[in-house]
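J.: Shown below is the structure under consideration.
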Amino acid sequence: MPAVWRLLKFIKGNPKMEWAVNEAIFRSRRTGLAPDTLRLWQGSASVVLGTPSSFKDDVNHENCIKNGVEIVRANSVSPEVFYYDMGSLNFAFAIDTSELKQFIENYQPVLSEYQLLNECIAVGLNKKFRVTSKADATGVYINNKKVSESLQVWFYDYLLFQGTAHINTNLSIYNQVTRSKKQLTTLKLEIGEEIPVGEVINALVQGVEEKLDVKFNEQNITEEEQKLIQKLYRVKYRLDKWNISGREPFLIGMGKTTVEVFVAYPPTSKCRELIDLVKNVTSDLQNEVEIRVWMRGRGINQHGPCPEISPVLRYVEKHSTLPAIIINGELKFSESIPSKEDLRKAILEVS
Amino acid sequence: MKMRCWRLLEYSSKNPAMNLAIEEAILRCLLEYGGPNTIRLWQNPSSVIIGYFQNPKSAVNMAACKKMEISVIRRISGGGAVYHDHGNLNYSIFVERESLENPLKASIKDVEKSYAIFCGGVVEGLKALGIEAYSQNGDIMIRGKKVSGSAQHRLYNVILHHGTLMLNINMEMLGQALEISNPEKFLVNLHEVLPNKIPLDKIKKAVTKGFEKTFNIKLEKGALTSKERCVAKKLYKMKYSQENWNIKSGLYHGGFSL
């Protein structure tokens with residue numbers, strides 16, 4: 001029996017908000033609040049950087065300004081950069097990859113999943129438009145030129161695979177605003193005629209259905225996702241701190257303000273005092289704030305099998321900084337107990 | 001300026017896990033209840049003590065340890081695995097930072113500087129025995145070979161700095177337990193460089209004097225308090241005697257232990 005995936009379609013939005021949508025549906029999927037999801041959308045001209053990409057080295061900022069091109073950053077493990085505009089169709093798969101392995105031969109971790117999803121796109125394009133596109137882990141190619149590219153991010157077995165298919169992307173602008181040396185093409189260039197976006201949407205949907213034995217159920221985003229999108233936009237995607245510098249806040253699950261308290265195991269009386277203080281200060285913010293008390297030495301799974309841990313927590317553990325209070329991934333207090341007022345202020349500032 | 005008194009504790013359990021529980025108990029009691037700073041000189045029977053962040057399955061030859069009936073215990077401080085036996089003297093320094101006076105207090109806040117200061121006490125002691133030693137990144141070296149290693153753990157403003165001093169350690173067992181071939185190439189026992197065998201008591205006395213000089217203190221012999229004993233017993237029961245703490249590789253996920 002085919003698996004049922006959610007299909008989301010949003011067309012023509014604010015680019016920065018659109019990337020917040022992708023993260024929100026991914027968080028929703030990995031928290032178990034949504035099924036596997038394919039989102040197809042279009043957005044105005046933008047350069048997208050992966051998390052490790054460099055604004056300075058990978059983007060021609062002057063040409064972006066000249067051409068009215070937005071700069072956005074997407075969560076990604078790879079330092080890829082690409083450009084899309086209203087001639088492109090963007091996609092985001094937010095899925096549990098453990099279900100994909102049945103469709104993969106000669107499994108290679110990570111690469112096989114990327115290749116399989118790219119194959120879905122290739123199958124759809126080949127069938128609908130009678131082209132000969134080929135997929136590998138890096139993208140989809142027609143005549144050895146890239147026609148679809150992506151950025152990927154993982155959370156345990158969950159994958160957010162987000163990218164763009166170039167239907168009629170302006171490649172001249174692409175080459176001006178990025179410092180990419182990729183060999184690119186568009187579907188229009190290969191076929192030699194205009195292609196309505198709706199047809200490409202159908203092609204991709206059919207490609208996924210055929211390749212992964214999936215049925216789609218077209219839905220809207222949930223209320224929780226909508227709330228999270230607003231928060232992600234506010235604390236991350238609208239900010240240069242993320243888009244330009246690549247610095248993001250650390251948020252658990254569906255985006256509650258996250259207070260990580262790192263204490264000794266077993267907690268000393270001062271540690272207990274600190275834990276009580278954090279609970280007390282946030283007692284009226286229970287819907288907004290998630291407290292995670294980590295005890296040094298109790299192991300990685302003290303909050304379940306798939307822990308979300310901020311990079312700073314790794315840092316304080318490595319340096320045995322005890323105790324420490326980390327708010328949304330930023331070390332705010334260490335080695336002493338803050339006053340109630342200072343702690344409250346620090347939490348409210350980022351909520 | 002009046003010379004401050006610290007406690008000198010020469011207490012060793014016959015159980016390596018209990019010895020490490022005592023280390024943490026003294027640290028915790030100094031934080032919780034105050035009291036004098038302490039220097040502990042102690043010894044362990046044959047055992048391997050691994051660093052907080054280490055995976056024993058890769059840091060230690062577990063099969064060899066089992067065969068030689070050597071226990072493997074995790075300590076709270078970082079750093080690498082060390083082999084202990086009665087040919088080794090351990091020293092531990094328990095200091096409440098605020099109790100020190102500047103410039104020592106300021107220097108000790110800096111981790112790198114603090115290693116040099118704490119190791120300096122042992123270096124002074126060795127000097128008194130006529131041995132030219134020097135500290136280097138938390139190790140103490142004699143003629144280019146390591147005679148002592150050390151590690152730290154900090155809890156609020158209390159610091160535990162502890163280290164080994166190899167007197168006449170069994171290098172063969174060390175090599176087997178830690179899977180090191182020819183450990184003599186880069187490790188040295190103190191007895192190899194001393195012209196005459198010096199009794200343990202004399203070495204302890206020299207090290208004690210070295211610490212007194214380094215910290216400008218007077219060390220007075222003392223015993224474990226009843227609170228320290230009680231906390232040590234609890235820590236032994238819930239932590240240091242537990243495979244979950246000492247061995248379980250489940251603690252490690254992507255190199256992260258927490």
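Lettering and numbering for the structure tokens are positional, with chains as A, B, ... in the shown order, residues counted from 1 in each chain, and ligands counted from 1 in the shown order.
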Counting only C-alpha atoms, what is within 7 Å of B:Glu96, bar same-chain residues fewer than 5 positions away, as a list in words?

T.: Asn37, Asn157, Val158 and Ile159 of chain B

J.: Give me, as a PDB file with N, CA and C atoms, in the first residue's frame, the contact residues of chain A against chain B at a cut-off of 6 Å, counting only C-alpha atoms.

T.:
ATOM      1  N   ARG A 296      26.083  16.696  33.833  1.00  0.00           N
ATOM      2  CA  ARG A 296      27.372  16.218  33.309  1.00  0.00           C
ATOM      3  C   ARG A 296      27.642  14.794  33.794  1.00  0.00           C
ATOM      4  N   GLY A 297      27.744  13.884  32.845  1.00  0.00           N
ATOM      5  CA  GLY A 297      28.070  12.509  33.210  1.00  0.00           C
ATOM      6  C   GLY A 297      26.880  11.572  33.190  1.00  0.00           C
ATOM      7  N   GLY A 299      25.081  11.033  30.557  1.00  0.00           N
ATOM      8  CA  GLY A 299      24.965  10.435  29.234  1.00  0.00           C
ATOM      9  C   GLY A 299      24.155  11.280  28.278  1.00  0.00           C
ATOM     10  N   ILE A 300      24.295  10.925  27.006  1.00  0.00           N
ATOM     11  CA  ILE A 300      23.711  11.718  25.929  1.00  0.00           C
ATOM     12  C   ILE A 300      22.189  11.574  25.858  1.00  0.00           C
ATOM     13  N   LEU A 322      30.966  24.638  34.687  1.00  0.00           N
ATOM     14  CA  LEU A 322      29.840  24.236  35.534  1.00  0.00           C
ATOM     15  C   LEU A 322      29.539  25.292  36.584  1.00  0.00           C
ATOM     16  N   GLU A 335      29.346  29.532  35.742  1.00  0.00           N
ATOM     17  CA  GLU A 335      30.129  29.426  36.970  1.00  0.00           C
ATOM     18  C   GLU A 335      29.551  30.159  38.170  1.00  0.00           C
TER      19      GLU A 335
END

J.: Check the smallest atom-to-atom distance from each of B:Ile26, B:Val95, B:Ile198, B:Leu174 to B:Leu9 using only C-alpha atoms, then report the winner.

T.: B:Ile26

J.: Neighbours of B:Asn19 within 9 Å (only C-alpha atoms; same-chain residues fewer than 6 positions away dropped), as a ChimeraX atom specification?

T.: /B:11-13,42-44,232,236

J.: Mind checking which residues fall within 12 Å of A:Lys279, counting only C-alpha atoms, ignoring those fewer than 5 positions away in the same chain, and posting them as a list of chain:residue names?

T.: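 Counting only the stated atoms, we get A:Val259, A:Glu260, A:Val261, A:Arg272, A:Glu273, A:Leu274, A:Asp284, A:Leu285, A:Gln286, A:Val289, A:Glu290, A:Ile291, A:Arg292, A:Val293, A:Lys340, A:Leu343, A:Arg344, A:Ile347.
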
J.: Can you spit out the residues from that selection as a short mmCIF file (atom, residue, chain, number, x, y, z; two decimals), in the first residue's frame, using C-alpha atoms?

T.:
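The file below, again_29.cif, is the result:
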data_model
loop_
_atom_site.label_atom_id
_atom_site.label_comp_id
_atom_site.auth_asym_id
_atom_site.auth_seq_id
_atom_site.Cartn_x
_atom_site.Cartn_y
_atom_site.Cartn_z
CA VAL A 259 17.02 27.24 28.17
CA GLU A 260 19.73 24.61 28.61
CA VAL A 261 20.99 24.31 32.15
CA ARG A 272 19.59 22.56 42.53
CA GLU A 273 19.20 26.19 43.52
CA LEU A 274 19.98 27.17 39.94
CA ASP A 284 4.47 31.92 33.65
CA LEU A 285 6.19 31.21 30.31
CA GLN A 286 5.60 27.49 30.10
CA VAL A 289 10.03 28.27 27.08
CA GLU A 290 11.50 24.78 27.10
CA ILE A 291 13.93 23.99 29.91
CA ARG A 292 16.48 21.22 29.45
CA VAL A 293 18.58 20.34 32.46
CA LYS A 340 16.32 36.45 39.16
CA LEU A 343 17.89 35.68 34.14
CA ARG A 344 14.32 36.79 33.39
CA ILE A 347 15.06 34.90 28.57
#

J.: I'd like to know which residues of stretch 19-78 of chain A are helix (DSSP H, G or I) (by DSSP, run on the backbone); could you write them as number ranges by chain?

T.: A: 19-30, 55-58, 61-67

J.: A:Leu228, A:Ala74, A:Val214, A:Val131: which is nearest A:Phe161, counting only C-alpha atoms?

T.: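 Of the candidates, the smallest distance to A:Phe161 is held by A:Ala74.
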
J.: Determine the nearest neighbour of B:Asp85 from the options B:Glu101, B:Glu184, B:Glu172, B:Glu112, counting only C-alpha atoms.

T.: B:Glu172

J.: Could you give me, as a ChimeraX atom specification, the residues within 12 Å of B:Ile50, counting only C-alpha atoms and dropping anything in the same chain fewer than 5 positions from it?

T.: /B:16-17,20,55-62,71-84,150-151,177-178,240,245-247

J.: What's around A:Asn67 at 12 Å? Count only C-alpha atoms, leave out sequence neighbours fewer than 3 positions away in its own chain, and write the answer as a list in words.

T.: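 Close residues of A:Asn67: Ser44, Ala45, Ser46, Val47, Asn60, His61, Glu62, Asn63, Cys64, Glu70, Ile71, Asp85, Asn170, Ser172, Ile173, Tyr174, Asn175, Gln176 and Val177 of chain A.
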
J.: Can you list every residue in stretch 132-271 of chain A that DSSP puts in strand (DSSP E), as a PyMOL selection string?

T.: chain A and resi 133-136+139-142+145-155+158-166+214-218+257-263

J.: Take the residues that were just selected and, keeping C-alpha atoms, output them as a PDB file, in the first residue's frame.

T.:
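The file below, part24.pdb, is the result:
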ATOM      1  CA  SER A 133      17.896  13.853 -17.557  1.00  0.00           C
ATOM      2  CA  LYS A 134      20.195  11.927 -15.245  1.00  0.00           C
ATOM      3  CA  ALA A 135      20.410  12.090 -11.485  1.00  0.00           C
ATOM      4  CA  ASP A 136      23.224  11.526  -9.058  1.00  0.00           C
ATOM      5  CA  GLY A 139      21.758  17.016  -8.680  1.00  0.00           C
ATOM      6  CA  VAL A 140      19.846  16.406 -11.895  1.00  0.00           C
ATOM      7  CA  TYR A 141      21.596  16.907 -15.230  1.00  0.00           C
ATOM      8  CA  ILE A 142      20.572  17.236 -18.863  1.00  0.00           C
ATOM      9  CA  LYS A 145      24.475  20.444 -17.312  1.00  0.00           C
ATOM     10  CA  LYS A 146      22.759  20.915 -14.017  1.00  0.00           C
ATOM     11  CA  VAL A 147      19.036  21.543 -14.179  1.00  0.00           C
ATOM     12  CA  SER A 148      18.197  20.906 -10.527  1.00  0.00           C
ATOM     13  CA  GLU A 149      20.254  21.498  -7.399  1.00  0.00           C
ATOM     14  CA  SER A 150      19.717  21.219  -3.692  1.00  0.00           C
ATOM     15  CA  LEU A 151      20.829  21.852  -0.122  1.00  0.00           C
ATOM     16  CA  GLN A 152      20.372  19.228   2.561  1.00  0.00           C
ATOM     17  CA  VAL A 153      20.184  19.066   6.319  1.00  0.00           C
ATOM     18  CA  TRP A 154      19.712  16.085   8.609  1.00  0.00           C
ATOM     19  CA  PHE A 155      18.264  15.464  12.034  1.00  0.00           C
ATOM     20  CA  TYR A 158      15.025  13.004   9.098  1.00  0.00           C
ATOM     21  CA  LEU A 159      16.109  14.851   5.992  1.00  0.00           C
ATOM     22  CA  LEU A 160      15.237  18.282   4.683  1.00  0.00           C
ATOM     23  CA  PHE A 161      16.148  18.236   1.018  1.00  0.00           C
ATOM     24  CA  GLN A 162      15.457  21.655  -0.425  1.00  0.00           C
ATOM     25  CA  GLY A 163      16.387  22.950  -3.810  1.00  0.00           C
ATOM     26  CA  THR A 164      15.339  24.349  -7.125  1.00  0.00           C
ATOM     27  CA  ALA A 165      14.588  23.081 -10.611  1.00  0.00           C
ATOM     28  CA  HIS A 166      15.545  25.501 -13.357  1.00  0.00           C
ATOM     29  CA  VAL A 214       3.694   7.459  -2.624  1.00  0.00           C
ATOM     30  CA  LYS A 215       0.259   9.044  -2.829  1.00  0.00           C
ATOM     31  CA  PHE A 216      -0.052  12.765  -2.171  1.00  0.00           C
ATOM     32  CA  ASN A 217      -2.670  14.472  -0.107  1.00  0.00           C
ATOM     33  CA  GLU A 218      -2.727  18.197  -0.820  1.00  0.00           C
ATOM     34  CA  THR A 257      12.796  29.479  23.570  1.00  0.00           C
ATOM     35  CA  THR A 258      15.300  26.943  24.809  1.00  0.00           C
ATOM     36  CA  VAL A 259      17.016  27.242  28.172  1.00  0.00           C
ATOM     37  CA  GLU A 260      19.726  24.610  28.614  1.00  0.00           C
ATOM     38  CA  VAL A 261      20.994  24.307  32.153  1.00  0.00           C
ATOM     39  CA  PHE A 262      24.267  22.403  32.508  1.00  0.00           C
ATOM     40  CA  VAL A 263      24.917  21.168  36.029  1.00  0.00           C
TER      41      VAL A 263
END

J.: If you count only C-alpha atoms, which residues fall within 7 Å of B:Leu219, apart from same-chain ones fewer than 2 positions away, as number ranges by chain?

T.: B: 5-8, 212, 217, 221

J.: So how far away is atom CA of A:Glu225 from atom CA of A:Arg27, in Å?

T.: 8.6 Å

J.: Figure out the distance between atom CA of A:Met254 and atom CA of A:Asp342, please, to one decimal in Å.

T.: 25.7 Å

J.: What is the distance, in Å and to one decimal place, between atom CA of A:Val59 and atom CA of A:Glu80?

T.: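 Computing it gives 11.2 Å between the two atoms.
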